[in-house]
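Engineer: One structure, as structure tokens, below. Some questions next.
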Amino acid sequence: MAEITFVEAIREALAEEMERDPSVFCLGEDIGRYGGAFKATDGLQARFGEHRVIDTPVSEAAIVGAAAGAAHYGMRPVCEMQFIDFVSCAYDMLTNYVATARYRAMLPCPIVVRGPSGGYVRGGPFHSQNPEAAFLHTPGLKIAYPATAEDAKGMLKAAIRDDDPVLFFEHKYLYRRIKGTMPAGDHLVPLGKARVAREGADLSIITYAATVWKALDAAEELERDDGLSVEVIDLRSLLPLDDDAIVATVKKTNRVLVVHEDTVTGGIAGEITARINELCFEWLDAPVRRVAAHDVPLPYAPPLEDFVLPQTSDIVRASRWLAAY
Amino acid sequence: MAEITFVEAIREALAEEMERDPSVFCLGEDIGRYGGAFKATDGLQARFGEHRVIDTPVSEAAIVGAAAGAAHYGMRPVCEMQFIDFVSCAYDMLTNYVATARYRAMLPCPIVVRGPSGGYVRGGPFHSQNPEAAFLHTPGLKIAYPATAEDAKGMLKAAIRDDDPVLFFEHKYLYRRIKGTMPAGDHLVPLGKARVAREGADLSIITYAATVWKALDAAEELERDDGLSVEVIDLRSLLPLDDDAIVATVKKTNRVLVVHEDTVTGGIAGEITARINELCFEWLDAPVRRVAAHDVPLPYAPPLEDFVLPQTSDIVRASRWLAAY
Amino acid sequence: MAVPTTSSLPAPPAGLSRAQLLELYRWMRLTRTLEERLVALYRQTKVIGGLFRSLGQEACSVGSAYALERRDVLSPLIRNLGSMLVKGAEPIEILRQYMAKGDSPTRGRELNIHFGDVVDRNFVGQISHLGDMVPVMAGVTLTFRMRGEDRVGLVYVGDGATSTGAFHEGINFAAVQRCPMVVVVENNGYAYSTPTNRQTAAARLVDKAAGYGVPGVRADGNDVLEVYAVTRAAVDHARAGGGVSLLELMTYRRKGHAEHDSQSYVPPGEIETWAATNDPIDRYTARLTGEFAFDPSELTAIDAEVRATVDAATDVAEASPPCDGPDALRGVYVDPASMPTLWYRGDATAAVVAHERPAGWGTHDG
Amino acid sequence: MAVPTTSSLPAPPAGLSRAQLLELYRWMRLTRTLEERLVALYRQTKVIGGLFRSLGQEACSVGSAYALERRDVLSPLIRNLGSMLVKGAEPIEILRQYMAKGDSPTRGRELNIHFGDVVDRNFVGQISHLGDMVPVMAGVTLTFRMRGEDRVGLVYVGDGATSTGAFHEGINFAAVQRCPMVVVVENNGYAYSTPTNRQTAAARLVDKAAGYGVPGVRADGNDVLEVYAVTRAAVDHARAGGGVSLLELMTYRRKGHAEHDSQSYVPPGEIETWAATNDPIDRYTARLTGEFAFDPSELTAIDAEVRATVDAATDVAEASPPCDGPDALRGVYVDPASMPTLWYRGDATAAVVAHERPAGWGTHDG
Ligand SMILES: Cc1ncc(C[n+]2csc(CCOP(=O)(O)OP(=O)(O)O)c2C)c(N)n1
Ligand SMILES: Cc1ncc(C[n+]2csc(CCOP(=O)(O)OP(=O)(O)O)c2C)c(N)n1
Ligand SMILES: [Mg+2]
Ligand SMILES: [Mg+2]
């Protein structure tokens with residue numbers, strides 16, 4: 001099997017699910033004839049028709065709301081946010097309408113809201129966001145944020161089949177930089193399960209999305225230069241979080257660094273730290289520490305963006321701190 | 001000086017600031033002639049005129065956006081969300097436009113967005129929310145959530161004078177249940193500073209808003225029944241968080257319970273736990289533990305709401321756990 | 001606010017049978033009687049939370065919902081109790097819901113008439129956030145168009161809700177997609193305390209229709225037959241593939257926003273005038289007994305039957321069980337079906353003993 | 001898409017002097033020349049991020065902005081480079097900003113023409129989220145009305161942006177408040193790849209005006225004098241206390257959404273037709289040299305001066321310093337003025353030694 005890119009994996013997932021299930025359809029801005037700002041839906045309209053790959057007006061709240069309505073009546077809509085930054089315009093619809101639908105009114109609401117997220121691309125404050133933390137305290141939603149092309153495909157397929165609404169973040173830095181070989185057949189990766197991206201014994205890095213790759217680079221460097229054995233956990237799903245995987249790695253290495261691209265304050269690392277405290281505090285040989293973005297809107301100029309976002313060298317330094325503690 | 005209620009304290013703050021500074025004005029739904037759904041602005045339109053207490057259409061994004069525009073040109077607008085649950089409709093405007101204004105374009109944006117929040121009032125899922133955690137990872141915003149009438153007044157006045165945008169949460173359960181005697185003169189309570197609501201030596205409860213009162217009740221009960229000396233920290237400001245106050249209480253009691261009304265997952269307790277890990281992990285004699293709402297949309301029926309929200313008895317039990325640890 | 005102008009004379013009973021004319025009367029009467037019962041229960045503090053009345057607006061709800069088939073979908077708001085009844089909601093459901101009973105349609109999760117049934121009777125449980133139901137109904141009706149189903153959707157908005165971004169995005173989306181959807185603006189003169197002329201500078205809310213490229217009709221919302229006729233025409237238009245219509249029904253909110261509201265902001269006499277001269281049930285009664293020559297006793301018989309129905313439902317509802325706390329944890333997700341109870345609900349000392357620690361971790365003494 | 005119909009013949013130079021006629025020409029030429037320079041820099045990878053053109057739309061920006069006084073406030077979008085130049089933005093600012101220079105107006109925080117100046121030249125730094133500037137400008141102009149200042153605001157939206165909830169809420173709010181605001185819809189036929197007829201079912205975007213109770217005018221957006229005249233009338237109307245107006249300027253986006261866009265979705269010949277028959281600079285040149293009898297050399301002299309200006313600015317911009325990483329932490333708040341650098345930026349071992357621990361806390365050996 002040939003390698004395909006992350007964004008091709010997304011496209012394959014969409015195509016396979018649309019093929020398999022006529023209730024799956026896509027809607028979003030410029031996703032039809034144009035194939036989407038990042039070409040994630042390229043060719044799908046030609047293949048599945050205009051009514052299954054719908055170009056919408058610039059109306060994120062309507063896109064998500066309409067998806068919810070369709071889902072109540074048996075459809076499985078997949079919404080694209082042209083950039084995930086614009087999901088903020090559907091924040092009310094997602095947190096109030098969609099997330100509560102089943103609980104408050106027994107309304108089935110199996111929708112997926114997906115879109116390109118994340119920085120390291122000189123996109124500036126409105127084309128680089130990582131809004132996942134804003135949705136973390138909304139029961140009723142699931143949140144997926146894959147780091148590999150294999151997971152991108154398998155988790156998107158699982159998300160489309162999931163009976164609950166799923167926010168699906170696709171890191172645009174990975175779209176064309178990361179490739180993978182898709183397992184044959186109906187490749188599904190369950191939501192809610194983390195992945196050990198690298199085994200290690202001395203310390204654990206818990207992370208997700210683009211920083212998984214930076215953590216792996218850092219682990220490589222630490223092994224080579226410091227002889228440190230670093231375990232890297234790729235969370236993959238942020239809601240629900242895989243507590244078992246978190247606890248397992250803490251009990252194994254006793255030292256934890258949580259790394260993410262979102263700002264340090266209010267990012268998901270806080271939740272992870274709290275869970276570690278609750279579930280396996282006694283196994284900690286050092287404080288849980290965070291490597292994340294500085295608490296500023298993400299600036300555009302390369303030196304600024306590089307300064308604000310966590311870099312491999314930051315993970316290396318923080319790991320050394322933990323190891324030396 | 002006579003005691004006044006929490007909501008009267010809010011009204012006094014607004015009136016005093018409007019009196020003091022002609023650039024202060026209020027806008028929101030039904031705040032003028034009607035005086036607001038909770039009467040927080042009662043009488044202000046009669047006193048200051050229609051153009052300083054503006055009844056708006058049902059348009060939260062426009063309310064916040066217009067406030068921002070006015071603030072760029074020298075005004076100090078105070079927006080009311082009829083219920084803070086509707087701030088979700090202005091989520092984009094607040095997180096993308098308002099919060100970044102100064103950073104990205106040197107735009108002054110001294111606005112206050114205030115409104116009634118919180119549960120324990122049988123308001124159901126859309127009139128009981130605590131959305132503070134959704135804004136925590138948005139640099140550029142400040143978040144205030146007072147628990148006492150004195151702080152409500154002093155912090156609202158400080159928020160109006162603050163040169164940065166402030167989200168100001170007013171717990172509706174406290175509006176008429178909590179009273180206070182206002183200090184004479186120009187009573188200001190600085191943002192960003194926590195308050196020791198009760199001194200104690202055995203364990204610390206870090207909390208804010210309505211659960212401050214539940215924590216105090218629990219502390220009372222624990223002192224009486226268990227002989228435990230419980231310190232209660234009222235955070236008052238959530239962004240910025242008062243790290244000094246958090247560290248001080250941890251170093252003093254070595255055992256911490258973080259209590260809030262928001263859901264446990266994704267609530268602010270995670271951030272606090274992470275900071276404790278980073279700043280004073282070594283002083284902990286027990287894991288930091290959380291008492292918060294169950295991870296469900298807040299249901300309406302009294303037995304359900306009571307089950308979901310943290311109660312005094314929960315705080316008591318969790319404190320006993322910590323003390324016995 | 002002036003008495004609304006009628007865009008055309010009331011149509012003759014637009015294909016309705018005499019039995020149907022009485023049915024319309026019964027739905028309006030049931031709506032009013034049930035709301036009056038809720039007021040009584042509210043005063044006895046048996047209704048938990050706010051109580052929202054549609055007094056004087058019953059014709060809007062009933063006449064419009066009556067234009068739908070059972071397979072069609074309706075999206076009601078708080079003042080559309082009448083629509084929900086027409087669409088098959090039972091008084092007992094309404095009563096249990098308002099009283100937060102354990103066997104209420106939402107098992108106590110939601111309040112007042114916030115509930116739905118998309119499986120059988122086809123009305124959608126609303127949320128409080130105004131305007132949000134418009135995009136949702138755009139999606140419901142988009143589905144029908146995509147699947148080639150002969151079904152239509154109807155969504156209500158108030159004059160206030162027309163100011164929301166969600167209304168705008170939803171109707172525009174549906175119009176472009178030619179969704180079989182009817183948007184009914186129930187212009188009752190106020191949004192909470194805000195009169196319509198502070199909500200919009202538009203002369204008429206129906207003037208928004210052209211901006212979405214859809215037909216717009218303004219009608220007398222207190223004439224149940226006119227409401228039925230204009231809605232029916234819009235529903236037929238949608239069913240025939242014509243897409244979205246916007247209807248503005250002129251009516252008046254005679255009660256406050258909710259029961260607690262003193263209506264201090266209403267100009268003196270306004271409510272009284274509407275009550276005296278433009279009550280939808282009074283007007284319809286006069287027509288039924290006049291123009292359509294029903295015997296008044298036929299109507300009083302309906303009134304009595306309705307009262308008996310509401311009485312019986314009230315008895316059952318009052319005897320309904322309260323909600324059970326732990327049930328609150330069920331049904332957020334299909335998977336997992338239930339959320340765990342938090343750790344501190346139980347015996348603290350036992351929990352400390354049970355708390356897992358690594359081997360060799362001694363009892364800590366601070 | 002057909003060539004837009006002109007609602008009226010071009011007005012005679014609406015009170016403009018001959019010098020002003022040339023000034024309009026210069027702003028359009030400067031816009032185009034500067035954008036062409038940006039394209040060259042983009043191809044050299046010196047422009048960082050996307051590049052957005054207003055080719056063929058220059059008359060919309062220039063003609064409308066020219067109707068404002070310096071004290072009036074303008075809210076531009078990515079295709080309103082021309083408006084910003086008219087309002088006082090300097091080519092050097094644009095170049096530095098596009099090249100992410102340390103001395104760019106936003107010190108590298110924002111990209112392309114996302115910057116503003118509310119102190120002196122009065123244009124507001126936009127954000128990417130479409131529609132959001134409309135409520136903001138409602139607030140700016142509300143302020144002027146409240147303070148009794150003789151100032152007007154002008155906000156642009158694209159055909160795509162009219163679908164956003166923010167646009168709707170903002171214009172409605174401003175209309176009710178009679179804010180001195182002009183909303184200019186620049187209908188260039190596309191939102192990214194989406195043609196206007198998939199954006200809305202309305203026959204004309206200006207048909208939205210009635211729904212907000214404001215006057216609406218549609219005009220030929222490629223006739224700079226007509227744009228000036230209709231905007232000037234709307235600005236005067238606003239200044240006189242008449243409140244909001246909605247203008248729809250018919251134009252055409254000849255380039256892709258951004259430089260990378262192949263425009264594969266555009267029907268063959270459409271772009272070429274517009275370029276050949278309806279270029280705003282060509283049309284204006286013909287009028288200047290024809291109807292207004294300017295000598296062509298006057299225009300070529302302007303062209304040369306503009307080119308020299310852009311050349312000079314390019315040299316300065318290229319020599320401008322890059323941004324300095326740690327500066328990123330400044331200016332989020334007034335207080336605190338700077339955010340702390342994160343703990344791991346520094347020597348790890350030294351940091352472990354420095355890490356505070358209670359007295360008696362031994363070195364931990366795992
Ligand atoms: C987005 C949003 N903002 C504010 C509210 C608070 N609110 C509840 S009802 C109401 C007035 C609604 O007026 P209208 O739409 O005319 O409906 P009516 O009550 O007259 O039937 C308001 C402002 C809300 N529910 N949703
Ligand atoms: C709220 C929002 N959704 C999506 C986008 C992505 N986006 C950027 S420009 C654009 C098209 C804009 O079209 P239009 O308003 O017609 O302006 P034009 O580019 O034609 O000048 C889109 C969809 C955005 N910026 N904001
Ligand atoms: Mg109303
Ligand atoms: Mg356009």
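Chain labels A, B, ... are given in the sequence in which chains occur in the structure tokens; within each chain residues are numbered consecutively from 1, and ligands are likewise numbered from 1 in the order shown.
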For Pro287 of chain A, work out the shell of residues within 10 Å, counting only C-alpha atoms and skipping chain neighbours fewer than 2 positions away, then give it as an NGL selection string.
Structural biologist: (:A and (254-257 or 273 or 277 or 281 or 284-285 or 289-290 or 322 or 325)) or (:B and (274-282))
Engineer: Keeping only N, CA and C atoms, take the residues you just selected and write them out as a CSV table (one decimal), in the first residue's frame.
Structural biologist:
```
chain,number,residue,atom,x,y,z
A,254,ASN,N,6.9,7.8,36.4
A,254,ASN,CA,6.8,8.6,37.6
A,254,ASN,C,7.1,10.1,37.3
A,255,ARG,N,7.3,10.5,36.1
A,255,ARG,CA,7.6,11.9,35.8
A,255,ARG,C,6.9,12.3,34.5
A,256,VAL,N,6.2,13.3,34.6
A,256,VAL,CA,5.3,13.7,33.5
A,256,VAL,C,5.4,15.1,33.0
A,257,LEU,N,5.6,15.2,31.7
A,257,LEU,CA,5.5,16.5,31.1
A,257,LEU,C,4.3,16.5,30.2
A,273,THR,N,-3.4,17.3,34.4
A,273,THR,CA,-2.7,17.4,35.7
A,273,THR,C,-3.6,17.1,36.9
A,277,ASN,N,-3.3,14.0,39.5
A,277,ASN,CA,-3.3,14.2,40.9
A,277,ASN,C,-4.3,13.3,41.6
A,281,PHE,N,-1.4,10.4,42.0
A,281,PHE,CA,-0.5,11.3,42.6
A,281,PHE,C,0.7,10.6,43.3
A,284,LEU,N,3.9,9.9,41.6
A,284,LEU,CA,4.7,11.0,41.0
A,284,LEU,C,6.0,11.2,41.8
A,285,ASP,N,7.1,11.3,41.0
A,285,ASP,CA,8.4,11.6,41.6
A,285,ASP,C,8.8,13.1,41.4
A,289,ARG,N,4.5,18.9,34.9
A,289,ARG,CA,4.9,20.2,34.4
A,289,ARG,C,4.4,20.4,32.9
A,290,ARG,N,4.2,21.6,32.6
A,290,ARG,CA,3.6,21.9,31.3
A,290,ARG,C,4.5,22.6,30.3
A,322,LEU,N,13.0,17.8,34.3
A,322,LEU,CA,12.2,16.7,35.0
A,322,LEU,C,13.1,15.6,35.3
A,325,TYR,N,15.4,16.5,38.2
A,325,TYR,CA,14.7,16.9,39.4
A,325,TYR,C,15.0,15.9,40.6
B,274,ALA,N,-2.8,22.4,38.1
B,274,ALA,CA,-1.5,22.5,37.4
B,274,ALA,C,-0.6,23.5,38.0
B,275,ARG,N,-1.2,24.7,38.4
B,275,ARG,CA,-0.3,25.7,39.0
B,275,ARG,C,0.3,25.3,40.3
B,276,ILE,N,-0.6,24.6,41.1
B,276,ILE,CA,0.0,24.1,42.4
B,276,ILE,C,1.1,23.1,42.1
B,277,ASN,N,0.9,22.3,41.2
B,277,ASN,CA,2.0,21.3,40.8
B,277,ASN,C,3.3,22.1,40.5
B,278,GLU,N,3.1,23.1,39.7
B,278,GLU,CA,4.3,23.8,39.2
B,278,GLU,C,5.0,24.7,40.3
B,279,LEU,N,4.1,25.3,41.1
B,279,LEU,CA,4.6,26.3,42.0
B,279,LEU,C,5.0,25.8,43.4
B,280,CYS,N,4.3,24.7,43.9
B,280,CYS,CA,4.5,24.3,45.3
B,280,CYS,C,4.1,22.8,45.5
B,281,PHE,N,4.4,22.0,44.5
B,281,PHE,CA,4.1,20.6,44.5
B,281,PHE,C,4.7,20.0,45.8
B,282,GLU,N,5.9,20.4,46.1
B,282,GLU,CA,6.7,19.8,47.2
B,282,GLU,C,6.0,20.0,48.6
```
Engineer: Extract, using only C-alpha atoms, all DNA, RNA and protein residues at most 7 Å from segment 299-310 of chain A, discarding same-chain residues fewer than 3 positions from it, and format them as a short mmCIF file (atom, residue, chain, number, x, y, z; two decimals) with N, CA, C and O atoms, in the first residue's frame.
Structural biologist:
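Here's the written file around_20.cif:
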```
data_model
loop_
_atom_site.label_atom_id
_atom_site.label_comp_id
_atom_site.auth_asym_id
_atom_site.auth_seq_id
_atom_site.Cartn_x
_atom_site.Cartn_y
_atom_site.Cartn_z
N ARG A 122 2.48 30.36 10.17
CA ARG A 122 2.47 31.81 9.91
C ARG A 122 1.07 32.27 9.51
O ARG A 122 0.89 33.13 8.64
N GLY A 123 0.09 31.68 10.16
CA GLY A 123 -1.30 32.01 9.82
C GLY A 123 -1.85 33.18 10.62
O GLY A 123 -2.94 33.66 10.33
N GLY A 124 -1.11 33.61 11.62
CA GLY A 124 -1.60 34.72 12.44
C GLY A 124 -2.70 34.29 13.39
O GLY A 124 -3.08 33.12 13.45
N PRO A 125 -3.21 35.27 14.14
CA PRO A 125 -4.12 34.94 15.26
C PRO A 125 -5.44 34.30 14.85
O PRO A 125 -6.10 33.72 15.70
N GLU A 261 0.03 22.72 22.22
CA GLU A 261 0.26 23.92 21.42
C GLU A 261 -0.60 25.08 21.87
O GLU A 261 -0.28 26.24 21.62
N VAL A 291 4.49 22.20 29.09
CA VAL A 291 5.13 22.96 28.01
C VAL A 291 4.02 23.30 27.03
O VAL A 291 3.34 22.41 26.53
N ALA A 292 3.81 24.58 26.80
CA ALA A 292 2.68 25.00 25.98
C ALA A 292 2.98 26.38 25.42
O ALA A 292 4.08 26.90 25.59
N ALA A 293 2.00 26.94 24.73
CA ALA A 293 2.24 28.28 24.17
C ALA A 293 2.19 29.33 25.26
O ALA A 293 1.50 29.19 26.27
N HIS A 294 2.93 30.40 25.03
CA HIS A 294 2.82 31.56 25.91
C HIS A 294 1.40 32.12 25.85
O HIS A 294 0.69 31.95 24.86
N ASP A 314 12.26 23.34 23.50
CA ASP A 314 11.59 23.57 24.79
C ASP A 314 11.28 22.25 25.48
O ASP A 314 11.44 22.11 26.70
N ALA D 100 5.99 41.09 7.37
CA ALA D 100 6.16 40.70 8.77
C ALA D 100 7.35 41.36 9.43
O ALA D 100 8.09 40.73 10.20
N GLY D 108 4.38 42.86 13.68
CA GLY D 108 4.40 41.44 13.33
C GLY D 108 3.28 40.61 13.92
O GLY D 108 3.20 39.41 13.69
N ARG D 109 2.40 41.28 14.64
CA ARG D 109 1.33 40.49 15.28
C ARG D 109 0.27 40.04 14.29
O ARG D 109 -0.29 38.96 14.39
N GLU D 110 0.00 40.91 13.32
CA GLU D 110 -1.06 40.58 12.37
C GLU D 110 -0.52 40.65 10.95
O GLU D 110 0.54 41.22 10.69
N LEU D 111 -1.32 40.08 10.04
CA LEU D 111 -0.82 39.96 8.67
C LEU D 111 -1.51 40.92 7.71
O LEU D 111 -2.40 41.68 8.08
N CYS D 323 11.07 40.90 13.13
CA CYS D 323 10.55 40.97 14.49
C CYS D 323 11.50 40.29 15.46
O CYS D 323 12.28 39.42 15.09
N ASP D 324 11.35 40.68 16.70
CA ASP D 324 12.18 40.11 17.75
C ASP D 324 11.31 39.22 18.63
O ASP D 324 10.33 39.69 19.22
N GLY D 325 11.64 37.95 18.68
CA GLY D 325 10.81 36.96 19.38
C GLY D 325 10.19 37.41 20.69
O GLY D 325 8.96 37.45 20.82
N PRO D 326 11.00 37.80 21.66
CA PRO D 326 10.45 38.12 22.98
C PRO D 326 9.47 39.29 22.96
O PRO D 326 8.66 39.43 23.89
N ALA D 328 7.00 39.37 21.40
CA ALA D 328 5.68 38.73 21.31
C ALA D 328 4.92 38.77 22.63
O ALA D 328 3.71 38.66 22.64
#
```
Engineer: What's the separation between atom CA of Val230 of chain A and atom CA of Ala215 of chain A, in Å to one decimal place?
Structural biologist: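 For atom CA of Val230 of chain A relative to atom CA of Ala215 of chain A, the distance reads 9.1 Å.
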Engineer: If we count only C-alpha atoms, which residues of chain D reach to within 9 Å of chain B? Please list them as a ChimeraX atom specification.
Structural biologist: /D:105-110,114-119,124-129,132-144,146,165-174,176-177,330-335,355-358,361
Engineer: Do you know which residues are within 6 Å of ligand 2 using only C-alpha atoms and all ligand atoms? Can you write them as a list in words?
Structural biologist: Val58, Gln82 and Phe86 of chain A; Arg79, Ser128, His129, Leu130, Val157, Gly158, Asp159, Gly160, Ala161, Asn188, Tyr190, Ala191, Tyr192 and His257 of chain D
Engineer: Write out, as a compact mmCIF listing (two decimals), in the first residue's frame, the residues just selected, with N, CA, C and O atoms.
Structural biologist:
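This went into again-v1.txt:
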```txt
# COMPACT_ATOMS: atom_id res chain seq x y z
N VAL A 58 -21.55 31.75 3.99
CA VAL A 58 -20.59 31.97 5.08
C VAL A 58 -21.38 32.10 6.38
O VAL A 58 -21.75 33.20 6.80
N GLN A 82 -14.01 26.19 7.50
CA GLN A 82 -12.93 26.45 6.54
C GLN A 82 -11.59 26.55 7.26
O GLN A 82 -10.58 26.00 6.80
N PHE A 86 -13.06 29.53 12.90
CA PHE A 86 -14.41 30.05 12.69
C PHE A 86 -15.46 29.24 13.43
O PHE A 86 -16.63 29.61 13.44
N ARG D 79 -9.86 43.32 0.88
CA ARG D 79 -9.80 43.88 -0.47
C ARG D 79 -9.95 45.40 -0.50
O ARG D 79 -10.27 45.98 -1.53
N SER D 128 -10.18 38.58 10.90
CA SER D 128 -10.55 37.72 9.77
C SER D 128 -12.01 37.32 9.77
O SER D 128 -12.60 37.09 8.73
N HIS D 129 -12.58 37.20 10.95
CA HIS D 129 -13.95 36.69 11.06
C HIS D 129 -14.91 37.65 10.37
O HIS D 129 -15.14 38.77 10.83
N LEU D 130 -15.49 37.16 9.28
CA LEU D 130 -16.32 38.02 8.44
C LEU D 130 -17.55 38.50 9.21
O LEU D 130 -18.16 37.74 9.95
N VAL D 157 -18.58 45.16 3.71
CA VAL D 157 -18.77 43.71 3.77
C VAL D 157 -18.75 43.18 2.35
O VAL D 157 -19.15 43.88 1.42
N GLY D 158 -18.32 41.94 2.20
CA GLY D 158 -18.41 41.29 0.90
C GLY D 158 -19.79 40.65 0.74
O GLY D 158 -20.57 40.58 1.69
N ASP D 159 -20.06 40.17 -0.46
CA ASP D 159 -21.29 39.42 -0.68
C ASP D 159 -21.34 38.23 0.28
O ASP D 159 -22.39 37.91 0.85
N GLY D 160 -20.20 37.59 0.51
CA GLY D 160 -20.17 36.45 1.42
C GLY D 160 -20.47 36.84 2.85
O GLY D 160 -21.24 36.18 3.55
N ALA D 161 -19.90 37.94 3.26
CA ALA D 161 -20.06 38.37 4.65
C ALA D 161 -21.49 38.74 4.99
O ALA D 161 -21.87 38.73 6.17
N ASN D 188 -18.67 41.36 -5.40
CA ASN D 188 -17.72 41.05 -6.47
C ASN D 188 -17.98 39.68 -7.07
O ASN D 188 -17.12 39.07 -7.71
N TYR D 190 -18.24 36.70 -6.01
CA TYR D 190 -17.77 35.48 -5.37
C TYR D 190 -17.40 35.71 -3.91
O TYR D 190 -16.94 36.79 -3.53
N ALA D 191 -17.62 34.66 -3.14
CA ALA D 191 -17.01 34.55 -1.82
C ALA D 191 -16.13 33.32 -1.92
O ALA D 191 -16.63 32.20 -2.04
N TYR D 192 -14.82 33.56 -1.93
CA TYR D 192 -13.89 32.47 -2.24
C TYR D 192 -14.37 31.83 -3.55
O TYR D 192 -14.38 32.52 -4.58
N HIS D 257 -9.41 34.14 -4.78
CA HIS D 257 -9.64 34.60 -3.40
C HIS D 257 -8.33 35.13 -2.82
O HIS D 257 -8.28 36.22 -2.26
```
Engineer: Could you tell me which residues of chain C sit within 9 Å of chain D when counting only C-alpha atoms, and give me the result as a ChimeraX atom specification?
Structural biologist: /C:163-169,172-173,175-178,197-214
Engineer: Among segment 197-261 of chain C, which residues does DSSP mark as strand (DSSP E) when it is run on the backbone? Keep the chain and numbering as in the structure and answer as number ranges by chain.
Structural biologist: C: 216-220, 245-250
Engineer: Leaving out Leu156 of chain B and any residue of its chain fewer than 2 positions from it, which residues lie within 8 Å of it when counting only C-alpha atoms, given as a list of chain:residue names?
Structural biologist: B:Ile10, B:Ala13, B:Leu14, B:Asp151, B:Ala152, B:Lys153, B:Gly154, B:Ala158, B:Ala159, B:Ile160, B:Phe168
Engineer: One decimal, Å: what's the distance from atom CA of Leu238 of chain B over to atom CA of Lys193 of chain B, could you say?
Structural biologist: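 Atom-to-atom, atom CA of Leu238 of chain B and atom CA of Lys193 of chain B are spaced 9.2 Å apart.
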